[in-house]
Amino acid sequence: MKQPMQKKQDPLNLQSLPLVSPPRDGWPVIEAVLRREQRRRTALRYAGGALALAASVTLALGLVLQRPLSGPVEPAPEQSLAQALPSTQGQSGVVDGGAAPETETLNVMIALSQRLEGRLRALRSGTGDLPARALVYQVELEDLVAQVDEELSRRPDSLPLWSQRVSLLMDLDRLYENRLRREYRQVASL
Amino acid sequence: MTQSPFDIEVDQITLAQARRGSLPACERIFRWFQQPAYSVALRICQCPDTAQEVTQEAFITVFRKLRQYRGDAPFWGWLRRVVVNHAISTLRRSPRAQELEFQDYHASSHGQQEQLGLAMDLEAALASLGDEDRAVVWLHDVEGYGHKEIAEMFGKTESFSKTRLSRARARLRSLLEGPGESIPGEAPGGKAAGGIAP
């Protein structure tokens, strides 16, 4: 039964023609394309993670700005910009309850910057040496903070500069935080 | 029913690994199907370089879309359809660039000489067909597709497939018979009774 059906399907017996081998191995090209796509997908995933982190930092900042810090703020030993600001701002009314929203935001940023400075000081003393890669990152961040500070000495009431400073300090904070967490895990595993 | 050279069963573990992007699993699948895929692409496109590109593109498409494969039909059928679709769309985009050479045919014994000659005749006859005629006769007679499926692949009606098949077979017969000869195993009058003896 099978044979006549086959004859009807393939009366010229084309199936007798042999399979043909390709002139070149096609796999290397396919593999290269698939690898490239996998790398791109991985990069996109990381980018997505970074975006999510940035979004959460922005959200956190937004919340802080919505609700000004309450409770005592740790005084920074340097007492550099934050304490100098009220005098340099002159009539801008830094602590004035009825201040304009931008002035109030600036005030909160300065307070946040001070608080982060204090926290970083505590973190630095509590952690050992950072690993080499983190150390490079730390030095870069501190350079950037120094650059912002220099700018701030010329424009002490610039909100973008204070925001930038807070953002950099938060990055530093994360760096130490990660180090602490690693150290804690090492101790816990003993 | 004809058995397609694609009819190879792929185990579920390999498929699952390939779905997750495992390159060794993808390579295994490629190695299993490379020859049938290249062969069908070559029969349709008649150009070795084009067939190679079609095969590579088809496999890349398959591996990219592997997550979409639901598993309710054999994997080989899905893969074959992708290869055929790529070959047909390539055929439409670009005309034939290079004549097929029969360098892959080798007879290992005297007894195979005759078979080899027949295969070469058949191959040459097939190559002389128009692109669509050749593709239709191959897809129908060798791969076992029905007229409805072939019509879908070409975006045409079933009668297109039937007409092309009939024309292609008639042309092949006349080419293979030669003056005063008949195709081995075929009854006089042109109706197939046995096909070409392998």
# chains A, B, ... in the order shown; residues from 1 in each chain; ligands from 1
>>> interface_residues(of="chain A", to="chain B", cutoff="6 Å", atoms="only C-alpha atoms", output="ChimeraX atom specification")
/A:6,9-13,15,17,19-21
>>> write_last_selection(atoms="N, CA and C atoms", output="PDB file, in the first residue's frame")
ATOM      1  N   GLN A   6       3.691   6.122  -2.727  1.00  0.00           N
ATOM      2  CA  GLN A   6       4.951   6.840  -2.926  1.00  0.00           C
ATOM      3  C   GLN A   6       5.166   7.128  -4.412  1.00  0.00           C
ATOM      4  N   GLN A   9       3.117   9.963  -5.387  1.00  0.00           N
ATOM      5  CA  GLN A   9       3.650  11.209  -4.821  1.00  0.00           C
ATOM      6  C   GLN A   9       4.914  11.652  -5.556  1.00  0.00           C
ATOM      7  N   ASP A  10       5.732  10.678  -5.926  1.00  0.00           N
ATOM      8  CA  ASP A  10       7.035  11.011  -6.512  1.00  0.00           C
ATOM      9  C   ASP A  10       7.276  10.139  -7.750  1.00  0.00           C
ATOM     10  N   PRO A  11       6.518  10.369  -8.798  1.00  0.00           N
ATOM     11  CA  PRO A  11       6.585   9.454  -9.949  1.00  0.00           C
ATOM     12  C   PRO A  11       7.939   9.467 -10.644  1.00  0.00           C
ATOM     13  N   LEU A  12       8.667  10.556 -10.522  1.00  0.00           N
ATOM     14  CA  LEU A  12       9.966  10.632 -11.206  1.00  0.00           C
ATOM     15  C   LEU A  12      11.111  10.230 -10.289  1.00  0.00           C
ATOM     16  N   ASN A  13      10.729   9.792  -9.120  1.00  0.00           N
ATOM     17  CA  ASN A  13      11.715   9.318  -8.136  1.00  0.00           C
ATOM     18  C   ASN A  13      12.780  10.379  -7.816  1.00  0.00           C
ATOM     19  N   GLN A  15      13.250  11.614  -5.099  1.00  0.00           N
ATOM     20  CA  GLN A  15      13.834  11.321  -3.779  1.00  0.00           C
ATOM     21  C   GLN A  15      15.125  10.526  -3.874  1.00  0.00           C
ATOM     22  N   LEU A  17      17.577  11.351  -5.507  1.00  0.00           N
ATOM     23  CA  LEU A  17      18.716  12.282  -5.545  1.00  0.00           C
ATOM     24  C   LEU A  17      19.323  12.393  -4.154  1.00  0.00           C
ATOM     25  N   LEU A  19      21.320  13.699  -0.766  1.00  0.00           N
ATOM     26  CA  LEU A  19      21.459  14.969  -0.036  1.00  0.00           C
ATOM     27  C   LEU A  19      22.792  15.598  -0.422  1.00  0.00           C
ATOM     28  N   VAL A  20      22.822  16.901  -0.393  1.00  0.00           N
ATOM     29  CA  VAL A  20      24.048  17.603  -0.798  1.00  0.00           C
ATOM     30  C   VAL A  20      24.665  18.274   0.422  1.00  0.00           C
ATOM     31  N   SER A  21      25.985  18.199   0.502  1.00  0.00           N
ATOM     32  CA  SER A  21      26.680  18.872   1.619  1.00  0.00           C
ATOM     33  C   SER A  21      27.015  20.306   1.213  1.00  0.00           C
TER      34      SER A  21
END
>>> residues_around(residues="B:Ser128", least_positions_apart="3", cutoff="12 Å", atoms="only C-alpha atoms", output="mmCIF file with C-alpha atoms, in the first residue's frame")
data_model
loop_
_atom_site.group_PDB
_atom_site.id
_atom_site.type_symbol
_atom_site.label_atom_id
_atom_site.label_comp_id
_atom_site.auth_asym_id
_atom_site.auth_seq_id
_atom_site.Cartn_x
_atom_site.Cartn_y
_atom_site.Cartn_z
ATOM 1 C CA ARG B 43 17.069 22.433 -5.074
ATOM 2 C CA ILE B 44 14.957 25.563 -4.896
ATOM 3 C CA GLN B 46 20.025 26.228 -7.640
ATOM 4 C CA ARG B 96 19.711 32.401 -10.270
ATOM 5 C CA GLU B 99 24.647 26.866 -12.298
ATOM 6 C CA LEU B 100 24.671 23.854 -10.046
ATOM 7 C CA ASP B 121 20.498 13.294 -15.609
ATOM 8 C CA LEU B 122 17.723 13.913 -13.157
ATOM 9 C CA GLU B 123 19.625 16.712 -11.504
ATOM 10 C CA ALA B 124 20.399 18.320 -14.841
ATOM 11 C CA ALA B 125 16.773 18.004 -15.915
ATOM 12 C CA ASP B 131 12.410 28.414 -10.767
ATOM 13 C CA GLU B 132 8.794 28.064 -9.679
ATOM 14 C CA ASP B 133 8.235 24.788 -11.540
ATOM 15 C CA ARG B 134 11.297 23.263 -9.941
ATOM 16 C CA ALA B 135 10.385 24.473 -6.479
ATOM 17 C CA ALA B 168 7.248 20.383 -14.340
ATOM 18 C CA ARG B 171 9.042 18.636 -18.796
ATOM 19 C CA LEU B 172 11.190 16.350 -16.661
ATOM 20 C CA SER B 174 10.506 14.682 -21.821
ATOM 21 C CA LEU B 175 14.028 15.642 -20.813
ATOM 22 C CA LEU B 176 14.783 12.270 -19.283
#
>>> closest_residue(among="A:Ser113, A:Ser125, A:Gln138, A:Asn178", to="A:Trp162", atoms="only C-alpha atoms")
A:Ser113
>>> residues_around(residues="B:Phe33", least_positions_apart="6", cutoff="9 Å", atoms="only C-alpha atoms", output="list of chain:residue names")
B:Pro5, B:Phe6, B:Ile8, B:Trp76, B:Leu79
>>> closest_residue(among="B:Val83, B:Met153, B:Val136, B:Val54", to="B:Ser166", atoms="only C-alpha atoms")
B:Val136
>>> residues_around(residues="A:Ser163", least_positions_apart="2", cutoff="12 Å", atoms="only C-alpha atoms", output="ChimeraX atom specification")
/A:57-58,61-62,65,105-113,145,148-149,152,157-161,165-170
>>> closest_residue(among="A:Pro156, A:Arg115, A:Glu142, A:Tyr137", to="A:Leu175", atoms="only C-alpha atoms")
A:Tyr137
